[in-house]
Every structure is written in C-alpha cells, then in structure tokens.
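Okay, structure first, notes after.
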Amino acid sequence: YNEYKSYLSMSFREVDFETDGGFDNVTVRTPVNIAVIKYWGKRDETLNLPLNSSVSVTLSMDSMFTETTATKSNETVFCINGNIEAPSKRFQRLIKRVGEESEVNVNVSVNTFNTFPTAAGLASSASGFAASATVMKLLYKTRSSISELARLGSGSACRSTYGGFVRWNAGVKEDGSDSVAIQIAPASHWPHLRVLVCVVCKDMKSVPSTIGMQRSVETSNLLKYRVQTVESKIDKLTRAIRERDFKAFAEVTMRDSNEMHAICLDSYPPISYLSAVSHRIINFVHDYNSTHGVTLAYTFDAGPNAVLFCERENVEQIKSELSERFLPGGEVHEIIECGVGTGPLLKQ
C-alpha cells in the first residue's frame with residue numbers, strides 16, 4: 001500500500017488550471033466530495049443553478065476517485081467503466097460550451113472509470129463530471145472557469161474541482177456566472193479529520209437525484225423554509241472548519257443531513273433514500289457520542305450509504321465498534337477510510 005501511494009505521488013500531481021493546458025492527450029483523476037451542507041433543489045435546471053449555497057469536504061483519492069483519459073479525435077466516443085455509451089445530454093452541453101469558447105470543432109475520445117459504485121448516493125456524478133470538465137479544460141482554451149464547466153454537467157461537480165473544504169455559492173445572476181465554487185480551507189488545514197464511508201448498498205438508487213430535487217422543489221414546504229435559513233448554518237459550519245471545532249462541525253453536519261432527508265419525506269410522493277441500516281447507523285452514532293462525547297458525525301447524500309467523520313485519535317476504536325456491529329451480518333459491505341484530499345490530479 002505504501003509503495004502504491006509512492007507510485008501515485010510520482011505519477012500524478014495536482015492540476016494548476018492557471019498554467020496547465022494545450023494538451024492533445026491527457027489523463028486526470030478527480031475526487032469525490034461529500035456535502036456537509038446539502039445542495040437539494042435547483043433554480044435553473046439547464047445551468048444547474050442551486051436554490052441554496054452548499055459546503056463540502058473533498059475526500060482523498062486513496063480508494064475513491066474517477067480516472068479519465070481524453071484524446072482529441074475525429075469523432076466523439078465515450079466509454080465509461082469499459083462500456084461504450086452515447087454521450088449524455090449533460091456531456092454534450094459541456095462539449096457545446098467548450099466549442100463555443102474555443103471556436104473549434106470539439107471531438108474527443110473519452111475513457112473513464114469510477115473506483116466506486118455509480119448512482120448509489122456516493123457522489124459519482126460529481127467526481128465524474130469534474131473529470132470531464134478537467135480534461136476539456138486541459139485540451140481546449142475556454143473562458144469559463146473549471147468550476148463553471150463542471151457545474152454544467154452536475155451541480156455538485158464544481159465542488160470536486162477544489163481540495164479541502166469547499167463552498168459552492170448559489171449566486172443570483174441568471175447566467176450563473178456567480179454560481180461558482182470557492183475553497184474555504186485546503187486539505188492541510190485539518191489533517192487529523194478522517195472519513196469513514198460505510199457502504200450499505202451498491203445498487204442504483206430508485207429515485208435519481210435530479211428527479212428527487214424536482215419533486216421536492218414542486219411539493220415540499222420544508223424546502224422553502226430551508227432556503228431561507230441555510231446561510232446561518234453555513235456561517236456556523238465555516239466557523240467550525242476554520243477553528244477545527246469538531247463538536248460544532250458534527251452538530252451542523254448531522255442536523256443538515258437530517259433536514260435534507262426530512263424534505264425528501266415531505267415531498268409528494270415522498271422519497272425515502274435511507275434504509276433500515278442507515279437508521280441503525282444514525283442511532284449508533286448518537287449512542288457512541290452519548291458515551292464518548294461528540295466525537296463522531298454522520299451525513300447521507302441521496303442514498304443509504306453513510307459517510308462518517310471523526311478525528312484520527314478516535315478512528316481505530318470507531319472502526320472496531322462499527323465493524324463488530326455491522327460487518328458480520330452483512331448490513332455494511334465495507335468501510336472505506338480516507339482523509340481530506342486535494343483537487344484534480346494530472347498524470348505526468
């Protein structure tokens with residue numbers, strides 16, 4: 001494992017979007033980001049403009065990442081996880097923007113794969129479209145920032161274009177030019193923060209996030225309340241990150257996860273992304289904190305898989321108790337440990 005990490009450090013480096021570019025062939029790796037203040041609901045479906053700002057943590061790429069190789073070509077070919085597929089409408093939207101700004105006919109051969117389940121509530125679209133935007137930015141000259149390009153494919157993908165702790169501003173402009181991601185703090189700011197991804201289910205979720213958001217926007221009264229109050233939570237969370245205050249970070253993170261899933265249940269027909277095992281993990285976290293103090297936090301995206309946060313000094317005990325409780329019966333398939341990571345990496 002240590003040899004593998006050493007190989008990674010030699011063969012990949014962090015992308016510098018200010019100076020890198022002009023390639024004919026490029027390979028990149030992009031990270032997963034986990035929202036701790038959720039993005040749920042759009043004010044513009046085409047441009048992927050959110051109703052509210054959000055905050056995320058970029059995960060290190062030890063185990064979970066998207067790797068994409070792209071080459072300028074005579075025709076556009078898209079291969080994902082070994083299967084040739086027609087380019088999605090969202091990818092075509094990205095190509096159109098890049099072609100307009102670079103004033104050339106854009107054709108690329110793209111080969112991409114994820115090291116984690118797709119469409120299972122583990123932010124695969126964010127990592128995937130961050131990779132697509134990154135290779136296009138490195139192959140062609142564009143006016144749009146990497147954050148803007150990534151957002152065209154998947155809103156949350158703009159947060160995977162930065163490492164560390166990231167805020168995606170909702171913005172107010174109709175063209176979305178102010179709806180961009182900014183870094184709150186780099187990965188090095190909180191090196192002892194650890195992340196445990198509890199894989200409960202690898203299946204595709206029954207209600208895709210885009211459809212779920214549309215339903216909530218149209219039918220949930222709780223979502224209207226959330227839009228009015230989320231900024232105060234972002235302020236609290238940003239302060240907790242800057243001060244490395246785990247207790248405050250944990251409470252805001254868990255409350256916001258609960259609120260998003262309450263909005264899903266408030267939608268009509270209701271949407272239930274959490275499973276019985278998800279709820280047992282939630283109870284485990286609160287029971288653990290009642291015994292040990294607030295040293296563990298959970299969040300769930302649109303799926304049953306739990307993402308837990310803790311600090312390095314507590315990770316072994318937490319992993320031991322989680323494993324003892326959930327692994328023997330198969331309720332959790334695996335527990336993936338990672339840290340806070342960098343933004344996109346370029347193969348040298």
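Chain identifiers are assigned as A, B, and so on, following the order in which chains appear in the structure tokens; residues are numbered from 1 within each chain, and ligands are numbered from 1 in order of appearance.
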task = Tell me, as a PyMOL selection string, which residues lie within 12 Å of Thr229 in chain A, counting only C-alpha atoms; anything in the same chain fewer than 4 positions away does not count.
result = chain A and resi 37+51-53+222-225+233-236+256+259
With all heavy atoms retained, could you export that selection as an mmCIF file, in the first residue's frame?
data_model
loop_
_atom_site.group_PDB
_atom_site.id
_atom_site.type_symbol
_atom_site.label_atom_id
_atom_site.label_comp_id
_atom_site.auth_asym_id
_atom_site.auth_seq_id
_atom_site.Cartn_x
_atom_site.Cartn_y
_atom_site.Cartn_z
ATOM 1 N N ILE A 37 -23.184 20.680 4.075
ATOM 2 C CA ILE A 37 -24.406 21.472 3.913
ATOM 3 C C ILE A 37 -24.913 21.131 2.526
ATOM 4 O O ILE A 37 -24.235 21.361 1.523
ATOM 5 C CB ILE A 37 -24.148 22.990 4.029
ATOM 6 C CG1 ILE A 37 -23.626 23.351 5.416
ATOM 7 C CG2 ILE A 37 -25.439 23.769 3.718
ATOM 8 C CD1 ILE A 37 -24.642 23.229 6.535
ATOM 9 N N LEU A 51 -30.777 26.284 -5.507
ATOM 10 C CA LEU A 51 -31.596 27.187 -4.699
ATOM 11 C C LEU A 51 -30.791 27.780 -3.543
ATOM 12 O O LEU A 51 -31.060 28.896 -3.105
ATOM 13 C CB LEU A 51 -32.801 26.436 -4.127
ATOM 14 C CG LEU A 51 -33.928 26.084 -5.103
ATOM 15 C CD1 LEU A 51 -34.969 25.223 -4.393
ATOM 16 C CD2 LEU A 51 -34.569 27.339 -5.662
ATOM 17 N N ASN A 52 -29.834 27.017 -3.030
ATOM 18 C CA ASN A 52 -29.063 27.487 -1.880
ATOM 19 C C ASN A 52 -27.593 27.141 -2.045
ATOM 20 O O ASN A 52 -27.224 26.225 -2.798
ATOM 21 C CB ASN A 52 -29.584 26.884 -0.575
ATOM 22 C CG ASN A 52 -29.458 25.368 -0.526
ATOM 23 O OD1 ASN A 52 -30.363 24.650 -0.963
ATOM 24 N ND2 ASN A 52 -28.343 24.874 -0.003
ATOM 25 N N SER A 53 -26.745 27.875 -1.367
ATOM 26 C CA SER A 53 -25.323 27.555 -1.336
ATOM 27 C C SER A 53 -25.101 26.269 -0.549
ATOM 28 O O SER A 53 -25.963 25.839 0.230
ATOM 29 C CB SER A 53 -24.537 28.704 -0.698
ATOM 30 O OG SER A 53 -24.687 29.896 -1.452
ATOM 31 N N LEU A 222 -41.155 22.275 3.408
ATOM 32 C CA LEU A 222 -39.937 22.356 4.205
ATOM 33 C C LEU A 222 -38.765 22.916 3.398
ATOM 34 O O LEU A 222 -37.903 23.611 3.945
ATOM 35 C CB LEU A 222 -39.561 20.970 4.741
ATOM 36 C CG LEU A 222 -40.407 20.412 5.889
ATOM 37 C CD1 LEU A 222 -39.880 19.033 6.290
ATOM 38 C CD2 LEU A 222 -40.375 21.345 7.086
ATOM 39 N N LEU A 223 -38.740 22.630 2.100
ATOM 40 C CA LEU A 223 -37.645 23.140 1.270
ATOM 41 C C LEU A 223 -37.677 24.663 1.208
ATOM 42 O O LEU A 223 -36.626 25.315 1.223
ATOM 43 C CB LEU A 223 -37.739 22.547 -0.140
ATOM 44 C CG LEU A 223 -36.631 22.979 -1.112
ATOM 45 C CD1 LEU A 223 -35.247 22.653 -0.568
ATOM 46 C CD2 LEU A 223 -36.828 22.330 -2.479
ATOM 47 N N LYS A 224 -38.864 25.227 1.149
ATOM 48 C CA LYS A 224 -38.976 26.695 1.136
ATOM 49 C C LYS A 224 -38.396 27.288 2.417
ATOM 50 O O LYS A 224 -37.708 28.327 2.391
ATOM 51 C CB LYS A 224 -40.443 27.105 0.962
ATOM 52 C CG LYS A 224 -41.073 26.642 -0.349
ATOM 53 C CD LYS A 224 -42.531 27.062 -0.429
ATOM 54 C CE LYS A 224 -43.169 26.620 -1.740
ATOM 55 N NZ LYS A 224 -43.217 25.163 -1.891
ATOM 56 N N TYR A 225 -38.642 26.637 3.545
ATOM 57 C CA TYR A 225 -38.079 27.085 4.823
ATOM 58 C C TYR A 225 -36.564 26.957 4.817
ATOM 59 O O TYR A 225 -35.847 27.857 5.278
ATOM 60 C CB TYR A 225 -38.677 26.269 5.967
ATOM 61 C CG TYR A 225 -37.991 26.481 7.300
ATOM 62 C CD1 TYR A 225 -38.242 27.606 8.069
ATOM 63 C CD2 TYR A 225 -37.060 25.539 7.770
ATOM 64 C CE1 TYR A 225 -37.600 27.801 9.282
ATOM 65 C CE2 TYR A 225 -36.412 25.720 8.971
ATOM 66 C CZ TYR A 225 -36.686 26.861 9.729
ATOM 67 O OH TYR A 225 -36.035 27.060 10.924
ATOM 68 N N LYS A 233 -26.573 28.405 8.851
ATOM 69 C CA LYS A 233 -25.876 27.138 9.099
ATOM 70 C C LYS A 233 -24.514 27.118 8.406
ATOM 71 O O LYS A 233 -23.539 26.598 8.952
ATOM 72 C CB LYS A 233 -26.732 25.962 8.631
ATOM 73 C CG LYS A 233 -27.953 25.708 9.490
ATOM 74 C CD LYS A 233 -28.562 24.364 9.216
ATOM 75 C CE LYS A 233 -29.202 24.308 7.854
ATOM 76 N NZ LYS A 233 -29.884 23.003 7.629
ATOM 77 N N ILE A 234 -24.447 27.692 7.218
ATOM 78 C CA ILE A 234 -23.172 27.756 6.509
ATOM 79 C C ILE A 234 -22.177 28.604 7.293
ATOM 80 O O ILE A 234 -20.991 28.250 7.400
ATOM 81 C CB ILE A 234 -23.371 28.314 5.082
ATOM 82 C CG1 ILE A 234 -24.104 27.276 4.225
ATOM 83 C CG2 ILE A 234 -22.029 28.681 4.445
ATOM 84 C CD1 ILE A 234 -24.422 27.744 2.817
ATOM 85 N N ASP A 235 -22.647 29.694 7.875
ATOM 86 C CA ASP A 235 -21.765 30.535 8.694
ATOM 87 C C ASP A 235 -21.223 29.746 9.891
ATOM 88 O O ASP A 235 -20.026 29.815 10.206
ATOM 89 C CB ASP A 235 -22.519 31.770 9.182
ATOM 90 C CG ASP A 235 -22.815 32.757 8.060
ATOM 91 O OD1 ASP A 235 -22.175 32.657 6.991
ATOM 92 O OD2 ASP A 235 -23.705 33.617 8.245
ATOM 93 N N LYS A 236 -22.107 28.993 10.562
ATOM 94 C CA LYS A 236 -21.685 28.199 11.721
ATOM 95 C C LYS A 236 -20.676 27.127 11.306
ATOM 96 O O LYS A 236 -19.672 26.896 11.983
ATOM 97 C CB LYS A 236 -22.896 27.543 12.386
ATOM 98 C CG LYS A 236 -23.825 28.502 13.100
ATOM 99 C CD LYS A 236 -25.013 27.751 13.685
ATOM 100 C CE LYS A 236 -25.986 28.712 14.370
ATOM 101 N NZ LYS A 236 -27.184 27.999 14.888
ATOM 102 N N ASP A 256 -28.043 19.037 9.284
ATOM 103 C CA ASP A 256 -28.348 19.356 7.891
ATOM 104 C C ASP A 256 -28.690 18.099 7.090
ATOM 105 O O ASP A 256 -29.584 18.124 6.236
ATOM 106 C CB ASP A 256 -27.172 20.084 7.237
ATOM 107 C CG ASP A 256 -27.587 20.716 5.920
ATOM 108 O OD1 ASP A 256 -28.304 21.739 5.956
ATOM 109 O OD2 ASP A 256 -27.238 20.176 4.857
ATOM 110 N N GLU A 259 -32.188 17.264 7.910
ATOM 111 C CA GLU A 259 -33.132 18.186 7.290
ATOM 112 C C GLU A 259 -33.356 17.838 5.821
ATOM 113 O O GLU A 259 -34.491 17.866 5.332
ATOM 114 C CB GLU A 259 -32.620 19.621 7.416
ATOM 115 C CG GLU A 259 -33.584 20.668 6.871
ATOM 116 C CD GLU A 259 -33.121 22.077 7.168
ATOM 117 O OE1 GLU A 259 -33.480 22.606 8.240
ATOM 118 O OE2 GLU A 259 -32.395 22.657 6.331
#
message = Could you list, as a PyMOL selection string, every residue within 12 Å of Glu18 in chain A, counting only C-alpha atoms and ignoring same-chain residues fewer than 3 positions away?
response = chain A and resi 14-15+21-22+137-138+141-143+145-146
Write the selection just made, keeping C-alpha atoms, as a PDB file, in the first residue's frame?
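Writing the result to again_38.pdb gives the following:
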ATOM      1  CA  GLU A  14      -2.207  18.453  -8.676  1.00  0.00           C
ATOM      2  CA  VAL A  15      -3.600  20.320 -11.692  1.00  0.00           C
ATOM      3  CA  GLY A  21      -3.303  23.294 -20.823  1.00  0.00           C
ATOM      4  CA  GLY A  22      -2.779  22.882 -24.525  1.00  0.00           C
ATOM      5  CA  LYS A 137     -10.246  22.491 -19.817  1.00  0.00           C
ATOM      6  CA  LEU A 138      -6.782  20.981 -20.339  1.00  0.00           C
ATOM      7  CA  LYS A 141      -8.861  27.049 -24.314  1.00  0.00           C
ATOM      8  CA  THR A 142     -12.008  28.259 -22.556  1.00  0.00           C
ATOM      9  CA  ARG A 143     -13.112  31.478 -20.885  1.00  0.00           C
ATOM     10  CA  SER A 145     -13.570  28.616 -15.127  1.00  0.00           C
ATOM     11  CA  ILE A 146     -13.174  24.937 -14.291  1.00  0.00           C
TER      12      ILE A 146
END
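Checking A:Asp24, A:Glu174, A:Glu75, A:Asp16 one by one against Leu49 in chain A, counting only C-alpha atoms, you find the shortest gap at A:Glu174.
Reported to one decimal place, the separation of CA of Phe113 in chain A from CA of Glu85 in chain A is 12.6 Å.
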request  = Output as an NGL selection string all residues of range 23-242 of chain A that backbone DSSP marks as strand (DSSP E).
outcome  = :A and (25-31 or 33-37 or 42-44 or 49-50 or 54-58 or 65-72 or 77-80 or 83-85 or 108-114 or 165-168 or 181-185 or 193-199)
Compile a residue-level contact table for range 174-270 of chain A against range 293-304 of chain A at a cut-off of 10 Å, reporting for every qualifying residue the shortest atom pair and its distance in Å to one decimal, with only C-alpha atoms counted, rows ordered by chain and ascending number, as a tab-separated table.
residue	atom	partner	partner_atom	distance
A:Val195	CA	A:Ala297	CA	9.6
A:Leu196	CA	A:Tyr298	CA	9.3
A:Val197	CA	A:Tyr298	CA	9.7
A:Cys198	CA	A:Pro304	CA	9.2
A:Val199	CA	A:Pro304	CA	8.2
A:Val200	CA	A:Pro304	CA	6.3
A:Cys201	CA	A:Pro304	CA	6.7
A:Lys202	CA	A:Pro304	CA	9.3
A:Asp203	CA	A:Gly303	CA	9.5
A:Met204	CA	A:Gly303	CA	8.7
A:Lys205	CA	A:Gly303	CA	6.3
A:Ser206	CA	A:Gly303	CA	9.1
A:Val207	CA	A:Ala302	CA	8.7
A:Pro208	CA	A:Ala302	CA	8.2
A:Ser209	CA	A:Ala302	CA	6.5
A:Gly212	CA	A:Ala302	CA	8.7
A:Met213	CA	A:Ala302	CA	10.0
A:Phe246	CA	A:Thr295	CA	7.1
A:Lys247	CA	A:Val294	CA	5.6
A:Ala248	CA	A:Val294	CA	9.0
A:Phe249	CA	A:Ala297	CA	8.3
A:Ala250	CA	A:Ala297	CA	4.9
A:Glu251	CA	A:Ala297	CA	7.4
A:Val252	CA	A:Ala297	CA	9.4
A:Thr253	CA	A:Thr299	CA	6.5
A:Met254	CA	A:Tyr298	CA	5.7
A:Arg255	CA	A:Thr299	CA	8.8
A:Asp256	CA	A:Thr299	CA	8.1
A:Ser257	CA	A:Thr299	CA	5.3
A:Asn258	CA	A:Thr299	CA	8.0
A:Met260	CA	A:Asp301	CA	8.6
A:His261	CA	A:Ala302	CA	8.2
A:Cys264	CA	A:Ala302	CA	9.2
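Residue nearest Ser320 in chain A, chosen from A:Ile241, A:Ser179, A:Ile335, A:Lys42 and counting only C-alpha atoms: A:Ile335.
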task = Compare A:Trp190, A:Phe91, A:Phe326, A:Phe165 by their minimum atom-to-atom distance to Arg151 in chain A, counting only C-alpha atoms, and give me the closest one.
result =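 That would be A:Phe91, the residue with the smallest distance to Arg151 in chain A.
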message = Give me, as a list in words, all polymer residues having an atom no more than 7 Å from Asp62 in chain A, counting only C-alpha atoms and skipping those fewer than 2 positions away in the same chain.
response =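 Residues meeting the cut-off are Ser60, Met64 and Cys338 of chain A.
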For N, CA and C atoms, I'd like the residues from the last selection saved as a short mmCIF file (atom, residue, chain, number, x, y, z; two decimals), in the first residue's frame.
data_model
loop_
_atom_site.label_atom_id
_atom_site.label_comp_id
_atom_site.auth_asym_id
_atom_site.auth_seq_id
_atom_site.Cartn_x
_atom_site.Cartn_y
_atom_site.Cartn_z
N SER A 60 -9.83 12.31 0.06
CA SER A 60 -8.56 11.91 -0.53
C SER A 60 -8.79 10.77 -1.51
N MET A 64 -11.12 6.14 -3.57
CA MET A 64 -12.30 6.57 -4.31
C MET A 64 -11.94 7.75 -5.22
N CYS A 338 -10.69 7.26 4.55
CA CYS A 338 -9.90 8.23 3.80
C CYS A 338 -9.79 9.51 4.61
#
message = Which of range 27-235 of chain A end up as alpha helix (DSSP H) when DSSP is run on this backbone - answer as a ChimeraX atom specification?
response = /A:89-102,124-139,146-153,209-219,221-235
Okay, now the selection with C-alpha atoms, as a JSON list (two decimals), in the first residue's frame?
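Below you can see selection-v9.json, which holds the result:
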[["chain", "number", "residue", "atom", "x", "y", "z"],
["A", 89, "LYS", "CA", -27.05, 15.35, -22.82],
["A", 90, "ARG", "CA", -25.07, 16.82, -19.94],
["A", 91, "PHE", "CA", -21.75, 15.87, -21.55],
["A", 92, "GLN", "CA", -22.97, 17.26, -24.89],
["A", 93, "ARG", "CA", -23.79, 20.52, -23.09],
["A", 94, "LEU", "CA", -20.21, 20.67, -21.84],
["A", 95, "ILE", "CA", -18.82, 20.00, -25.35],
["A", 96, "LYS", "CA", -21.04, 22.72, -26.80],
["A", 97, "ARG", "CA", -19.81, 25.31, -24.29],
["A", 98, "VAL", "CA", -16.16, 24.36, -24.87],
["A", 99, "GLY", "CA", -16.64, 24.52, -28.66],
["A", 100, "GLU", "CA", -18.25, 27.95, -28.47],
["A", 101, "GLU", "CA", -15.49, 29.37, -26.30],
["A", 102, "SER", "CA", -12.53, 27.75, -28.05],
["A", 124, "SER", "CA", -20.20, 9.57, -8.54],
["A", 125, "SER", "CA", -21.69, 12.22, -10.83],
["A", 126, "ALA", "CA", -19.73, 14.95, -9.04],
["A", 127, "SER", "CA", -16.43, 13.13, -9.45],
["A", 128, "GLY", "CA", -17.28, 12.02, -12.99],
["A", 129, "PHE", "CA", -18.26, 15.41, -14.36],
["A", 130, "ALA", "CA", -15.39, 17.11, -12.56],
["A", 131, "ALA", "CA", -13.15, 14.73, -14.52],
["A", 132, "SER", "CA", -14.92, 15.51, -17.81],
["A", 133, "ALA", "CA", -14.63, 19.25, -17.22],
["A", 134, "THR", "CA", -10.98, 18.95, -16.20],
["A", 135, "VAL", "CA", -9.89, 17.09, -19.33],
["A", 136, "MET", "CA", -11.82, 19.51, -21.55],
["A", 137, "LYS", "CA", -10.25, 22.49, -19.82],
["A", 138, "LEU", "CA", -6.78, 20.98, -20.34],
["A", 139, "LEU", "CA", -7.40, 20.10, -24.01],
["A", 146, "ILE", "CA", -13.17, 24.94, -14.29],
["A", 147, "SER", "CA", -15.90, 25.39, -11.66],
["A", 148, "GLU", "CA", -18.38, 26.70, -14.25],
["A", 149, "LEU", "CA", -17.60, 23.92, -16.73],
["A", 150, "ALA", "CA", -18.02, 21.19, -14.11],
["A", 151, "ARG", "CA", -21.33, 22.64, -12.95],
["A", 152, "LEU", "CA", -22.78, 22.28, -16.47],
["A", 153, "GLY", "CA", -22.55, 18.51, -16.12],
["A", 209, "SER", "CA", -31.21, 12.90, -7.56],
["A", 210, "THR", "CA", -32.36, 15.16, -10.41],
["A", 211, "ILE", "CA", -35.89, 13.75, -10.29],
["A", 212, "GLY", "CA", -35.91, 13.87, -6.50],
["A", 213, "MET", "CA", -34.88, 17.53, -6.47],
["A", 214, "GLN", "CA", -37.57, 18.45, -8.98],
["A", 215, "ARG", "CA", -40.21, 16.72, -6.88],
["A", 216, "SER", "CA", -39.07, 18.49, -3.71],
["A", 217, "VAL", "CA", -39.00, 21.90, -5.39],
["A", 218, "GLU", "CA", -42.55, 21.39, -6.64],
["A", 219, "THR", "CA", -44.12, 19.90, -3.50],
["A", 221, "ASN", "CA", -42.96, 23.22, 2.08],
["A", 222, "LEU", "CA", -39.94, 22.36, 4.21],
["A", 223, "LEU", "CA", -37.65, 23.14, 1.27],
["A", 224, "LYS", "CA", -38.98, 26.70, 1.14],
["A", 225, "TYR", "CA", -38.08, 27.08, 4.82],
["A", 226, "ARG", "CA", -34.62, 25.61, 4.27],
["A", 227, "VAL", "CA", -33.74, 28.11, 1.54],
["A", 228, "GLN", "CA", -34.48, 30.95, 3.97],
["A", 229, "THR", "CA", -32.36, 29.58, 6.83],
["A", 230, "VAL", "CA", -29.41, 27.72, 5.28],
["A", 231, "GLU", "CA", -26.99, 30.68, 5.23],
["A", 232, "SER", "CA", -26.85, 30.83, 9.03],
["A", 233, "LYS", "CA", -25.88, 27.14, 9.10],
["A", 234, "ILE", "CA", -23.17, 27.76, 6.51],
["A", 235, "ASP", "CA", -21.77, 30.53, 8.69]]
Selection near Leu346 in chain A, 9 Å with only C-alpha atoms, sequence-local residues under 3 positions removed, as an MDAnalysis selection string = chainID A and resid 11:16 26:29
ask   = Nearest to Asp44 in chain A among A:Leu193, A:Leu265, A:Val307, A:Val172, with distances taken over only C-alpha atoms: which residue is it?
value = A:Val172
request  = Grab the CA of Val340 in chain A to CA of Val57 in chain A distance for me, in Å with one decimal place.
outcome  = 6.8 Å
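Comparing A:Asn74, A:Ser144, A:Ser160, A:Gln317 by their smallest distance to Ser177 in chain A, the closest is A:Ser144 (using only C-alpha atoms).
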Long-range neighbours of Pro191 in chain A as number ranges by chain, 9 Å cut-off, only C-alpha atoms, 4 positions minimum in chain = A: 187, 311-312, 339-340
Proximity to Gly343 in chain A - best of A:Ala35, A:Leu322, A:Ala70, A:Ile182, only C-alpha atoms =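 Among the listed residues, the smallest separation from Gly343 in chain A belongs to A:Ile182.
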Between CA of Thr58 in chain A and CA of Ser154 in chain A - distance in Å to one decimal =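 These two atoms are separated by 15.7 Å.
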